[in-house]
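Raw protein.cif, mmCIF, N, CA and C atoms:
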```
data_input
#
loop_
_atom_site.label_atom_id
_atom_site.label_comp_id
_atom_site.auth_asym_id
_atom_site.auth_seq_id
_atom_site.Cartn_x
_atom_site.Cartn_y
_atom_site.Cartn_z
N MET S 1 8.17 12.38 -15.45
CA MET S 1 7.41 13.48 -14.94
C MET S 1 6.76 13.07 -13.61
N THR S 2 7.60 12.69 -12.64
CA THR S 2 7.12 12.21 -11.36
C THR S 2 7.25 13.30 -10.32
N ALA S 3 6.21 13.46 -9.53
CA ALA S 3 6.23 14.45 -8.46
C ALA S 3 7.12 13.94 -7.33
N PRO S 4 7.70 14.83 -6.56
CA PRO S 4 8.55 14.40 -5.46
C PRO S 4 7.74 13.66 -4.41
N ASP S 5 8.43 12.79 -3.66
CA ASP S 5 7.78 12.04 -2.59
C ASP S 5 7.42 13.02 -1.48
N ASN S 6 6.13 13.21 -1.29
CA ASN S 6 5.65 14.15 -0.30
C ASN S 6 4.67 13.42 0.60
N ASP S 7 5.05 13.19 1.84
CA ASP S 7 4.23 12.39 2.74
C ASP S 7 2.90 13.03 3.10
N ASN S 8 2.72 14.32 2.82
CA ASN S 8 1.48 14.99 3.16
C ASN S 8 0.44 14.90 2.06
N ARG S 9 0.81 14.38 0.90
CA ARG S 9 -0.16 14.28 -0.20
C ARG S 9 -1.19 13.21 0.09
N GLY S 10 -2.46 13.54 -0.08
CA GLY S 10 -3.53 12.55 0.02
C GLY S 10 -3.73 12.01 1.41
N THR S 11 -3.37 12.77 2.43
CA THR S 11 -3.51 12.25 3.78
C THR S 11 -4.85 12.59 4.41
N GLU S 12 -5.71 13.30 3.72
CA GLU S 12 -7.03 13.60 4.28
C GLU S 12 -7.85 12.32 4.27
N PRO S 13 -8.66 12.02 5.22
CA PRO S 13 -8.92 12.71 6.46
C PRO S 13 -7.78 12.54 7.47
N GLY S 14 -7.81 13.35 8.52
CA GLY S 14 -6.71 13.42 9.48
C GLY S 14 -6.62 12.23 10.40
N PRO S 15 -5.60 12.26 11.26
CA PRO S 15 -5.37 11.17 12.20
C PRO S 15 -6.57 10.97 13.12
N GLY S 16 -6.79 9.73 13.51
CA GLY S 16 -7.91 9.42 14.38
C GLY S 16 -9.22 9.27 13.66
N SER S 17 -9.22 9.49 12.37
CA SER S 17 -10.44 9.38 11.59
C SER S 17 -10.78 7.91 11.36
N ALA S 18 -12.05 7.63 11.19
CA ALA S 18 -12.49 6.26 10.97
C ALA S 18 -12.32 5.84 9.51
N ALA S 19 -12.08 6.79 8.62
CA ALA S 19 -11.97 6.48 7.20
C ALA S 19 -10.51 6.51 6.75
N LEU S 20 -10.22 5.74 5.72
CA LEU S 20 -8.89 5.76 5.12
C LEU S 20 -8.75 7.00 4.25
N SER S 21 -7.52 7.47 4.11
CA SER S 21 -7.27 8.61 3.24
C SER S 21 -7.32 8.16 1.78
N VAL S 22 -7.33 9.12 0.90
CA VAL S 22 -7.31 8.83 -0.54
C VAL S 22 -6.05 8.04 -0.88
N ARG S 23 -4.91 8.44 -0.34
CA ARG S 23 -3.65 7.75 -0.61
C ARG S 23 -3.69 6.31 -0.11
N GLU S 24 -4.23 6.10 1.09
CA GLU S 24 -4.31 4.75 1.64
C GLU S 24 -5.20 3.86 0.79
N ARG S 25 -6.30 4.40 0.33
CA ARG S 25 -7.18 3.63 -0.56
C ARG S 25 -6.48 3.31 -1.88
N ALA S 26 -5.69 4.26 -2.38
CA ALA S 26 -4.95 4.04 -3.63
C ALA S 26 -3.90 2.95 -3.46
N LEU S 27 -3.27 2.89 -2.30
CA LEU S 27 -2.29 1.83 -2.04
C LEU S 27 -2.96 0.46 -2.10
N LEU S 28 -4.11 0.34 -1.44
CA LEU S 28 -4.83 -0.94 -1.44
C LEU S 28 -5.33 -1.29 -2.84
N ALA S 29 -5.81 -0.30 -3.57
CA ALA S 29 -6.31 -0.55 -4.93
C ALA S 29 -5.19 -1.04 -5.84
N LEU S 30 -4.03 -0.44 -5.72
CA LEU S 30 -2.89 -0.87 -6.54
C LEU S 30 -2.48 -2.29 -6.18
N GLU S 31 -2.54 -2.61 -4.91
CA GLU S 31 -2.12 -3.93 -4.45
C GLU S 31 -3.12 -5.02 -4.87
N ARG S 32 -4.36 -4.66 -5.11
CA ARG S 32 -5.37 -5.64 -5.55
C ARG S 32 -5.16 -6.09 -6.99
N ARG S 33 -4.51 -5.26 -7.78
CA ARG S 33 -4.37 -5.56 -9.21
C ARG S 33 -3.36 -6.67 -9.47
N SER S 34 -3.48 -7.30 -10.62
CA SER S 34 -2.48 -8.28 -11.04
C SER S 34 -1.56 -7.60 -12.05
N TRP S 35 -0.35 -8.13 -12.19
CA TRP S 35 0.68 -7.47 -12.99
C TRP S 35 1.17 -8.38 -14.09
N ALA S 36 1.27 -7.83 -15.29
CA ALA S 36 1.62 -8.59 -16.50
C ALA S 36 3.06 -9.07 -16.51
N GLY S 37 3.98 -8.25 -16.08
CA GLY S 37 5.38 -8.65 -16.17
C GLY S 37 6.24 -7.89 -15.20
N PRO S 38 7.52 -8.21 -15.20
CA PRO S 38 8.43 -7.56 -14.28
C PRO S 38 8.51 -6.06 -14.55
N GLY S 39 8.50 -5.30 -13.51
CA GLY S 39 8.61 -3.85 -13.64
C GLY S 39 7.30 -3.12 -13.81
N ALA S 40 6.24 -3.82 -14.15
CA ALA S 40 4.95 -3.16 -14.40
C ALA S 40 4.40 -2.53 -13.12
N LYS S 41 4.50 -3.25 -12.01
CA LYS S 41 3.97 -2.73 -10.74
C LYS S 41 4.79 -1.52 -10.29
N GLU S 42 6.11 -1.62 -10.38
CA GLU S 42 6.97 -0.51 -9.97
C GLU S 42 6.71 0.73 -10.81
N ARG S 43 6.49 0.53 -12.09
CA ARG S 43 6.18 1.64 -12.99
C ARG S 43 4.85 2.29 -12.59
N ALA S 44 3.86 1.46 -12.29
CA ALA S 44 2.55 1.98 -11.87
C ALA S 44 2.65 2.75 -10.55
N ILE S 45 3.47 2.26 -9.64
CA ILE S 45 3.66 2.95 -8.36
C ILE S 45 4.20 4.35 -8.61
N ARG S 46 5.22 4.44 -9.45
CA ARG S 46 5.82 5.75 -9.74
C ARG S 46 4.85 6.67 -10.49
N GLU S 47 4.15 6.13 -11.48
CA GLU S 47 3.28 6.96 -12.31
C GLU S 47 1.96 7.33 -11.63
N GLU S 48 1.34 6.39 -10.96
CA GLU S 48 0.02 6.63 -10.39
C GLU S 48 0.05 7.26 -9.00
N LEU S 49 1.05 6.87 -8.21
CA LEU S 49 1.12 7.37 -6.84
C LEU S 49 2.19 8.43 -6.64
N ALA S 50 3.08 8.55 -7.62
CA ALA S 50 4.16 9.54 -7.58
C ALA S 50 5.06 9.37 -6.37
N ILE S 51 5.33 8.12 -6.01
CA ILE S 51 6.27 7.82 -4.94
C ILE S 51 7.19 6.70 -5.41
N SER S 52 8.27 6.49 -4.71
CA SER S 52 9.19 5.41 -5.06
C SER S 52 8.62 4.07 -4.60
N PRO S 53 9.00 2.98 -5.25
CA PRO S 53 8.54 1.67 -4.79
C PRO S 53 8.93 1.38 -3.34
N VAL S 54 10.11 1.82 -2.92
CA VAL S 54 10.52 1.60 -1.53
C VAL S 54 9.54 2.28 -0.58
N ARG S 55 9.18 3.52 -0.86
CA ARG S 55 8.23 4.25 -0.01
C ARG S 55 6.86 3.59 -0.05
N TYR S 56 6.46 3.11 -1.21
CA TYR S 56 5.19 2.40 -1.36
C TYR S 56 5.12 1.22 -0.40
N TYR S 57 6.17 0.41 -0.38
CA TYR S 57 6.16 -0.78 0.48
C TYR S 57 6.24 -0.40 1.95
N GLN S 58 6.90 0.69 2.29
CA GLN S 58 6.91 1.16 3.68
C GLN S 58 5.50 1.56 4.11
N LEU S 59 4.83 2.33 3.27
CA LEU S 59 3.47 2.77 3.59
C LEU S 59 2.51 1.59 3.63
N LEU S 60 2.64 0.67 2.68
CA LEU S 60 1.76 -0.49 2.62
C LEU S 60 1.94 -1.37 3.85
N ASN S 61 3.18 -1.58 4.26
CA ASN S 61 3.44 -2.42 5.43
C ASN S 61 2.81 -1.82 6.69
N ALA S 62 2.88 -0.52 6.84
CA ALA S 62 2.24 0.13 7.98
C ALA S 62 0.72 0.05 7.85
N LEU S 63 0.22 0.20 6.65
CA LEU S 63 -1.22 0.20 6.41
C LEU S 63 -1.86 -1.13 6.74
N ILE S 64 -1.21 -2.24 6.46
CA ILE S 64 -1.85 -3.53 6.69
C ILE S 64 -1.98 -3.86 8.18
N ASP S 65 -1.32 -3.08 9.03
CA ASP S 65 -1.50 -3.23 10.48
C ASP S 65 -2.63 -2.35 11.00
N ASP S 66 -3.19 -1.54 10.15
CA ASP S 66 -4.25 -0.60 10.52
C ASP S 66 -5.61 -1.29 10.41
N GLU S 67 -6.37 -1.27 11.48
CA GLU S 67 -7.68 -1.93 11.49
C GLU S 67 -8.66 -1.29 10.50
N ARG S 68 -8.47 0.01 10.22
CA ARG S 68 -9.32 0.66 9.21
C ARG S 68 -9.12 0.02 7.85
N ALA S 69 -7.88 -0.34 7.53
CA ALA S 69 -7.60 -0.99 6.25
C ALA S 69 -8.23 -2.37 6.20
N LEU S 70 -8.19 -3.07 7.33
CA LEU S 70 -8.82 -4.39 7.39
C LEU S 70 -10.32 -4.29 7.16
N ARG S 71 -10.95 -3.28 7.73
CA ARG S 71 -12.39 -3.10 7.50
C ARG S 71 -12.69 -2.70 6.05
N GLU S 72 -11.80 -1.91 5.45
CA GLU S 72 -11.99 -1.42 4.08
C GLU S 72 -11.84 -2.54 3.04
N ASP S 73 -10.80 -3.37 3.22
CA ASP S 73 -10.49 -4.40 2.22
C ASP S 73 -9.91 -5.63 2.92
N PRO S 74 -10.75 -6.42 3.58
CA PRO S 74 -10.25 -7.54 4.36
C PRO S 74 -9.51 -8.60 3.53
N VAL S 75 -9.94 -8.84 2.32
CA VAL S 75 -9.30 -9.87 1.50
C VAL S 75 -7.85 -9.49 1.20
N THR S 76 -7.64 -8.27 0.74
CA THR S 76 -6.29 -7.82 0.39
C THR S 76 -5.41 -7.73 1.64
N VAL S 77 -5.92 -7.14 2.70
CA VAL S 77 -5.13 -6.97 3.92
C VAL S 77 -4.76 -8.32 4.52
N ASN S 78 -5.69 -9.23 4.59
CA ASN S 78 -5.38 -10.56 5.14
C ASN S 78 -4.36 -11.31 4.27
N ARG S 79 -4.47 -11.18 2.95
CA ARG S 79 -3.49 -11.81 2.06
C ARG S 79 -2.10 -11.24 2.30
N LEU S 80 -2.01 -9.92 2.40
CA LEU S 80 -0.72 -9.27 2.63
C LEU S 80 -0.14 -9.64 4.00
N ARG S 81 -0.99 -9.77 4.99
CA ARG S 81 -0.52 -10.19 6.32
C ARG S 81 0.02 -11.61 6.28
N ARG S 82 -0.67 -12.49 5.55
CA ARG S 82 -0.19 -13.88 5.44
C ARG S 82 1.16 -13.95 4.74
N VAL S 83 1.31 -13.19 3.66
CA VAL S 83 2.58 -13.16 2.93
C VAL S 83 3.69 -12.63 3.83
N ARG S 84 3.42 -11.55 4.54
CA ARG S 84 4.43 -10.97 5.44
C ARG S 84 4.80 -11.97 6.55
N ASP S 85 3.81 -12.62 7.14
CA ASP S 85 4.09 -13.58 8.21
C ASP S 85 4.89 -14.77 7.69
N ALA S 86 4.60 -15.22 6.47
CA ALA S 86 5.35 -16.33 5.89
C ALA S 86 6.80 -15.94 5.65
N ARG S 87 7.02 -14.72 5.20
CA ARG S 87 8.40 -14.24 4.98
C ARG S 87 9.15 -14.13 6.29
N ARG S 88 8.49 -13.65 7.30
CA ARG S 88 9.12 -13.54 8.63
C ARG S 88 9.46 -14.92 9.17
N GLY S 89 8.60 -15.89 8.91
CA GLY S 89 8.83 -17.26 9.38
C GLY S 89 10.04 -17.92 8.74
N ARG S 90 10.36 -17.51 7.53
CA ARG S 90 11.52 -18.08 6.82
C ARG S 90 12.84 -17.48 7.27
N ARG S 91 12.81 -16.37 7.97
CA ARG S 91 14.05 -15.70 8.39
C ARG S 91 14.64 -16.32 9.63
#
```
Please render this file's structure as structure tokens.
Amino acid sequence: MTAPDNDNRGTEPGPGSAALSVRERALLALERRSWAGPGAKERAIREELAISPVRYYQLLNALIDDERALREDPVTVNRLRRVRDARRGRR
């Protein structure tokens, strides 16, 4: 019972705003959690955010470059940036 991937869901407040949208905050909140086993995170992405895991990671990757996200949750954003940079370094 998953809603279709709709990029306009949870995008308030609008562009140029100093605050993160509800969806952006939900992405960071999901990323802060720890996961019990394989598939648990992907299941939560589909059930809680109603988007595909691929779309989740696209949105998350763009979000961690946003300074608003860094101000909102510096620990999570910096961790994700380090992981991304380490992966890029291995390529």
Close residues, Glu48 in chain S itself excluded, 10 Å, only C-alpha atoms, min 5 positions apart in chain, as a short mmCIF file (atom, residue, chain, number, x, y, z; two decimals) with N, CA and C atoms, keeping the file's coordinate frame:
```cif
data_model
loop_
_atom_site.label_atom_id
_atom_site.label_comp_id
_atom_site.auth_asym_id
_atom_site.auth_seq_id
_atom_site.Cartn_x
_atom_site.Cartn_y
_atom_site.Cartn_z
N THR S 2 7.60 12.69 -12.64
CA THR S 2 7.12 12.21 -11.36
C THR S 2 7.25 13.30 -10.32
N ALA S 26 -5.69 4.26 -2.38
CA ALA S 26 -4.95 4.04 -3.63
C ALA S 26 -3.90 2.95 -3.46
N LEU S 27 -3.27 2.89 -2.30
CA LEU S 27 -2.29 1.83 -2.04
C LEU S 27 -2.96 0.46 -2.10
N LEU S 30 -4.03 -0.44 -5.72
CA LEU S 30 -2.89 -0.87 -6.54
C LEU S 30 -2.48 -2.29 -6.18
N GLU S 42 6.11 -1.62 -10.38
CA GLU S 42 6.97 -0.51 -9.97
C GLU S 42 6.71 0.73 -10.81
N ARG S 43 6.49 0.53 -12.09
CA ARG S 43 6.18 1.64 -12.99
C ARG S 43 4.85 2.29 -12.59
#
```
Closest-contact table, range 10-50 of chain S side, partner range 63-82 of chain S, 7 Å, counting only N, CA and C atoms, as a Markdown table:
```
| residue | atom | partner | partner_atom | distance |
| --- | --- | --- | --- | --- |
| S:Ala18 | C | S:Arg68 | CA | 6.0 |
| S:Ala19 | C | S:Arg68 | CA | 6.5 |
| S:Leu20 | N | S:Arg68 | C | 6.2 |
| S:Glu31 | C | S:Thr76 | CA | 6.7 |
| S:Arg32 | CA | S:Thr76 | CA | 6.4 |
```
Would you compute the distance between CA of Gly37 in chain S and CA of Ala62 in chain S? Give it in Å to one decimal.
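So the answer is 25.9 Å.
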Need the shell around Pro53 in chain S: protein/DNA/RNA residues with any atom at most 8 Å away, counting all atoms listed in the file. Skip same-chain ones fewer than 5 positions apart. Format as a ChimeraX atom specification?
/S:41-43,45-46,58-59
Coordinates-based distance that separates atom N of Ala40 in chain S from atom N of Val22 in chain S (Å, one decimal)
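Calculated distance between atom N of Val22 in chain S and atom N of Ala40 in chain S is 24.0 Å.
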Pairwise distance for atom C of Ala86 in chain S and CA of Ala50 in chain S, rounded to one decimal in Å:
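Computed distance, atom C of Ala86 in chain S to CA of Ala50 in chain S, equals 28.8 Å.
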